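For reference, the structure discussed in these notes is given below.
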Amino acid sequence: MTLSSTQLQTLRLVAGLMVPASSGYGVPGADDPAIVADMEATLGRDAAAVAAALDALSLRAGGVFAALNPEARMDVALALRAEGGAAMATLARVVLQCYYRDARVVRSLGIEAGAPFPRGHVLEQGDWSLLEEVKGRAPGWRAPS
Amino acid sequence: MKDIVDVLIIGAGAAGAAMAWSLAETKMRIVCLEQGGWTNPAAYPTTGRDWEARVHGDFHASPNVRGRPEDYPVSEANSPIKVVNFNGVGGSTILYAAHFPRLQPSDFRVRSLDGVAEDWPIDYATLAPWFAENDRMMGVSGLRGDPASPPSDPTMPPLPLGRSGARLGAAMNRLGWHWWPSDTTVATTDYEGRGRCINLGLCVSGCAQGAKSSTDISYWPVARRAGVEVRTHCRVREITTNAQGMASGVVYYDAEGIERFQAAEVVVVACNGVGTPRLLLNSASGRFANGLANSSGQVGRNLMFHPCANVYGYVDAVLDANRAPPLCLWSKEFYETDASRGFLRGYMMQFIRGTGPVSEAIQMEAKGLLPWGAAHHEEFRRRNGHRIGLNALCEDLPEAHNRVTLDDVLKDSHGIPAPRIDYTISANSQRMMDHAVARARDVLGEAGATDICVNAPFTYGGWHLLGTARMGNDPEQSVVNSWGRCHDVKNLFIVDGSIFVTAGGCNPTSTIQALALYIADQMKQRLSTLFD
Ligand SMILES: Cc1cc2nc3c(=O)[nH]c(=O)nc-3n(C[C@H](O)[C@H](O)[C@H](O)COP(=O)(O)OP(=O)(O)OC[C@H]3O[C@@H](n4cnc5c(N)ncnc54)[C@H](O)[C@@H]3O)c2cc1C
Ligand code: SF4
């Protein structure tokens, strides 16, 4: 299933409302073309729910989501979000999962971009002396006779 | 039938693998039928940039969401806790978090100690050698000397405490609580051909490094080298019986969907606490009208989860996040019964590090913590990497009305009736969970966390599937005897979590596998009198 051009337009607009670009943090918004293209390309099993959410946004907007001004779009989106439901939750997840795997965004968080394997991470040992206090405790398990 | 195998094992998960490996030394002809296939670690989520997203899709822990042909659907509208599993070689250990506590000695004596439920017909001492054997085969990292656990001898050093563990440990010291680095099956050194953990952080989507011991890479390679045959994509529809009331074999669908019969001298069921009662009930016949091995009426009853209080918050420092195996410490401070708390039995707390940015954003969104618009970035950055949390696994008591039956409508991809779950959280479990949430707030607060979030019960927390074909000496009250043989069918054995009499308050897989090794040993010792 692919999204219609109207649905794609709504997706771009709502993504930008959720996560706008920030010059302060040096990051694109979720409406960045590469990020929206990632959403579109990887919709997969979420396509029907996302399409339903986008259609619901348009319906609530009186026909065309894009026809509203930005403030009104945000009002409509927040109202539908507040009503809950699987479709809006899926839409939000799809936007967030593509945004927070974009290399520019991930690097801005101080995290290395890309697949964890085979690079992995380093985990510090931490302070093992903290355990000394526990070692002195009396046995804490019941031993039935 | 001419092609009779000596032992037919159904299910290649945690228990089936241990059983197969142990029996292999007998040189009997052993075949395992598994409805799923082998997973390819090179295709696990952590090998791709979409690693966090796949947890919501083809690597979701719920078979209903995952929906692969190998998965059978579960009818669970009438349960606040949803079943999670994995169907393939390795079973649910492909996805498990590798937290590896053992049931405590008191868990085998619940009736005697606390006056509720039943005692097991075996005790901790009976299983002790098999716990140790299983630790060696699975490879366990941990630290000797936990004052709240019976002695054990982990095969590798513990996972690092990291920043999260150290912060939590310090908080528990201030509260005067017990804590200890968890036993896990995550290799901290190279072990038996497996590489050590490199902190990919997503153990619950399969370990691409092979550091987490799932049975496809621990038991199965050794068992297969010893001659055990594993037939994948073979889903068993029913266990058949002969005129003597003995199991004669199974009817299954092979990888091409062709119906086949496999005759067997002995049948071992290892399909887990939901798959096993489903199969026994689907094996009803003229001889066993209520389902196979069900003269007691206990098949499918007494389903126990560990209702889980998942509680987390955010501190003002960057912690380990997803850069480590998620589980780090346990606390048994509230494990043993203390009636003054208002409930019987108890729970283990298992402490969790954090998550990756996608999971953090999605969970913040679900909790209403994520602003849309200009404020988004600051709020997200204030929390991302700052999470600290825990799961409290509360002990359910066995109750006949919590049960697995067959759904009237829902079927799997072969048209076999699906299991239906009817389950409610008991008043005792609810009080325990409320207590756990309050104590979780205490410890997370002490660790400096604010904005505490609670999921209790954790919806997709049906990890531990226990009690639905329980063990006992009384054939009227139990399904299998004290060494896993069905009271009603003397060449039919059950080795998975369904034979648990009570659930304990901790993750069960170490005990499930110790039981499988113990039952295999009993079978080997009794070979000449196995069916008497
Ligand atoms: C996300 C997740 C996290 C977990 N974390 C932990 C943890 O940290 N610690 C812990 O102790 N436990 C954990 N568990 C639970 C643990 O995985 C199980 O306790 C354990 O795997 C159960 O072993 P089993 O052999 O009984 O069943 P499984 O491992 O589930 O294996 C059963 C096998 O039987 C097969 N099967 C079922 N029916 C049929 C049929 N009709 N025909 C053919 N094959 C069939 C299935 O495909 C499956 O492979 C976790 C589970 C999940 C899903
Ligand atoms: S954290 Fe370690 S055990 Fe877990 S997936 Fe990564 S390498 Fe494997």
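Labeling convention for the structure tokens: chains A, B, ... as they appear, residues from 1 per chain, ligands from 1 in order of appearance.
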Give me, as a count of residues only, the set of residues whose atoms come within 6 Å of any atom of ligand 1, counting only C-alpha atoms and all ligand atoms. 46
Taking the DSSP assignment computed from this structure's backbone, write out as a PyMOL selection string all residues of chain A that belong to helix (DSSP H, G or I). chain A and resi 5-18+33-41+44-60+65-67+70-83+86-99+103-108+128-135
Restricting the calculation to only C-alpha atoms: of B:Glu365, B:Asp216, B:Glu25, B:Asp254, which residue gets closest to chain A?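 Result for the nearest residue to chain A: B:Glu365.
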Within 6 Å of ligand 2: each chain B residue with its shortest pair, only C-alpha atoms and all ligand atoms, as JSON lines:
```
{"residue": "B:Val186", "atom": "CA", "partner": "ligand 2", "partner_atom_place_in_ligand_line": "3 (S)", "distance": 4.9}
{"residue": "B:Cys197", "atom": "CA", "partner": "ligand 2", "partner_atom_place_in_ligand_line": "2 (Fe)", "distance": 3.8}
{"residue": "B:Ile198", "atom": "CA", "partner": "ligand 2", "partner_atom_place_in_ligand_line": "7 (S)", "distance": 4.4}
{"residue": "B:Asn199", "atom": "CA", "partner": "ligand 2", "partner_atom_place_in_ligand_line": "1 (S)", "distance": 3.8}
{"residue": "B:Leu200", "atom": "CA", "partner": "ligand 2", "partner_atom_place_in_ligand_line": "6 (Fe)", "distance": 3.3}
{"residue": "B:Gly201", "atom": "CA", "partner": "ligand 2", "partner_atom_place_in_ligand_line": "1 (S)", "distance": 3.8}
{"residue": "B:Leu202", "atom": "CA", "partner": "ligand 2", "partner_atom_place_in_ligand_line": "5 (S)", "distance": 4.7}
{"residue": "B:Cys203", "atom": "CA", "partner": "ligand 2", "partner_atom_place_in_ligand_line": "5 (S)", "distance": 3.6}
{"residue": "B:Cys207", "atom": "CA", "partner": "ligand 2", "partner_atom_place_in_ligand_line": "5 (S)", "distance": 3.9}
{"residue": "B:Gln209", "atom": "CA", "partner": "ligand 2", "partner_atom_place_in_ligand_line": "7 (S)", "distance": 5.1}
{"residue": "B:Ala211", "atom": "CA", "partner": "ligand 2", "partner_atom_place_in_ligand_line": "3 (S)", "distance": 4.8}
{"residue": "B:Lys212", "atom": "CA", "partner": "ligand 2", "partner_atom_place_in_ligand_line": "3 (S)", "distance": 4.3}
{"residue": "B:Ala324", "atom": "CA", "partner": "ligand 2", "partner_atom_place_in_ligand_line": "1 (S)", "distance": 5.0}
{"residue": "B:Pro325", "atom": "CA", "partner": "ligand 2", "partner_atom_place_in_ligand_line": "1 (S)", "distance": 3.8}
```
Keeping only all heavy atoms, take the residues you just selected and write them out as a CSV table (one decimal), in the first residue's frame.
```csv
chain,number,residue,atom,x,y,z
B,186,VAL,N,24.4,-13.8,29.4
B,186,VAL,CA,25.2,-13.0,28.5
B,186,VAL,C,26.6,-13.3,28.8
B,186,VAL,O,27.1,-13.1,30.0
B,186,VAL,CB,24.9,-11.5,28.8
B,186,VAL,CG1,25.9,-10.6,28.0
B,186,VAL,CG2,23.5,-11.1,28.4
B,197,CYS,N,30.1,-10.3,25.1
B,197,CYS,CA,29.1,-9.2,24.9
B,197,CYS,C,29.9,-7.9,24.5
B,197,CYS,O,30.8,-7.6,25.1
B,197,CYS,CB,28.3,-9.0,26.2
B,197,CYS,SG,27.2,-7.5,26.1
B,198,ILE,N,29.4,-7.3,23.4
B,198,ILE,CA,30.0,-6.0,23.0
B,198,ILE,C,29.0,-4.9,23.2
B,198,ILE,O,29.1,-3.9,22.6
B,198,ILE,CB,30.5,-6.1,21.6
B,198,ILE,CG1,29.3,-6.5,20.6
B,198,ILE,CG2,31.7,-7.0,21.4
B,198,ILE,CD1,29.7,-6.4,19.1
B,199,ASN,N,28.0,-5.1,24.1
B,199,ASN,CA,27.1,-4.1,24.5
B,199,ASN,C,26.3,-3.5,23.3
B,199,ASN,O,26.2,-2.3,23.2
B,199,ASN,CB,27.8,-3.0,25.2
B,199,ASN,CG,28.5,-3.5,26.5
B,199,ASN,OD1,27.9,-4.1,27.3
B,199,ASN,ND2,29.8,-3.3,26.5
B,200,LEU,N,25.7,-4.3,22.6
B,200,LEU,CA,24.8,-3.9,21.5
B,200,LEU,C,23.5,-3.3,22.1
B,200,LEU,O,22.8,-2.5,21.5
B,200,LEU,CB,24.5,-5.0,20.5
B,200,LEU,CG,25.7,-5.6,19.8
B,200,LEU,CD1,25.3,-6.9,19.1
B,200,LEU,CD2,26.3,-4.6,18.9
B,201,GLY,N,23.1,-3.9,23.2
B,201,GLY,CA,22.0,-3.3,24.0
B,201,GLY,C,20.6,-3.7,23.6
B,201,GLY,O,19.7,-3.2,24.3
B,202,LEU,N,20.5,-4.6,22.7
B,202,LEU,CA,19.1,-4.9,22.3
B,202,LEU,C,19.0,-6.5,22.4
B,202,LEU,O,18.5,-7.1,21.4
B,202,LEU,CB,18.8,-4.4,20.9
B,202,LEU,CG,17.3,-4.2,20.6
B,202,LEU,CD1,16.7,-3.1,21.5
B,202,LEU,CD2,17.1,-3.9,19.2
B,203,CYS,N,19.3,-7.0,23.5
B,203,CYS,CA,19.3,-8.5,23.7
B,203,CYS,C,17.9,-9.0,23.4
B,203,CYS,O,17.8,-10.2,22.9
B,203,CYS,CB,19.6,-8.9,25.1
B,203,CYS,SG,21.1,-8.0,25.8
B,207,CYS,N,20.6,-11.7,19.7
B,207,CYS,CA,22.0,-11.1,19.8
B,207,CYS,C,22.8,-11.4,18.6
B,207,CYS,O,23.2,-12.6,18.4
B,207,CYS,CB,22.6,-11.7,21.1
B,207,CYS,SG,24.3,-11.2,21.3
B,209,GLN,N,25.8,-10.7,18.0
B,209,GLN,CA,27.2,-11.1,18.4
B,209,GLN,C,27.2,-12.5,18.9
B,209,GLN,O,28.3,-13.1,18.9
B,209,GLN,CB,27.6,-10.1,19.5
B,209,GLN,CG,28.8,-10.5,20.4
B,209,GLN,CD,30.1,-10.3,19.6
B,209,GLN,OE1,30.1,-9.9,18.4
B,209,GLN,NE2,31.2,-10.4,20.3
B,211,ALA,N,26.6,-13.4,21.9
B,211,ALA,CA,27.0,-13.4,23.3
B,211,ALA,C,25.9,-13.9,24.2
B,211,ALA,O,26.1,-14.4,25.3
B,211,ALA,CB,27.4,-12.0,23.7
B,212,LYS,N,24.6,-13.6,23.9
B,212,LYS,CA,23.5,-14.1,24.7
B,212,LYS,C,23.2,-15.5,24.3
B,212,LYS,O,23.1,-15.9,23.2
B,212,LYS,CB,22.3,-13.2,24.4
B,212,LYS,CG,21.1,-13.6,25.2
B,212,LYS,CD,19.8,-12.8,24.8
B,212,LYS,CE,19.1,-13.4,23.7
B,212,LYS,NZ,17.8,-12.9,23.4
B,324,ALA,N,24.4,-1.1,26.7
B,324,ALA,CA,24.7,-2.2,27.5
B,324,ALA,C,23.5,-3.2,27.5
B,324,ALA,O,22.4,-2.8,27.2
B,324,ALA,CB,25.0,-1.7,29.0
B,325,PRO,N,23.7,-4.5,28.0
B,325,PRO,CA,22.6,-5.3,28.2
B,325,PRO,C,21.6,-4.6,29.1
B,325,PRO,O,22.0,-4.0,30.1
B,325,PRO,CB,23.1,-6.6,28.8
B,325,PRO,CG,24.6,-6.6,28.5
B,325,PRO,CD,25.0,-5.1,28.4
```
Within 10 Å of Phe288 in chain B, counting only C-alpha atoms, which residues show up once you throw out same-chain ones fewer than 5 positions away? Write them as a list in words, please.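 Everything that qualifies: Thr241, Gly245, Leu280, Leu281, Ser283, Ala293, Asn294, Ser295 and Asp488 of chain B.
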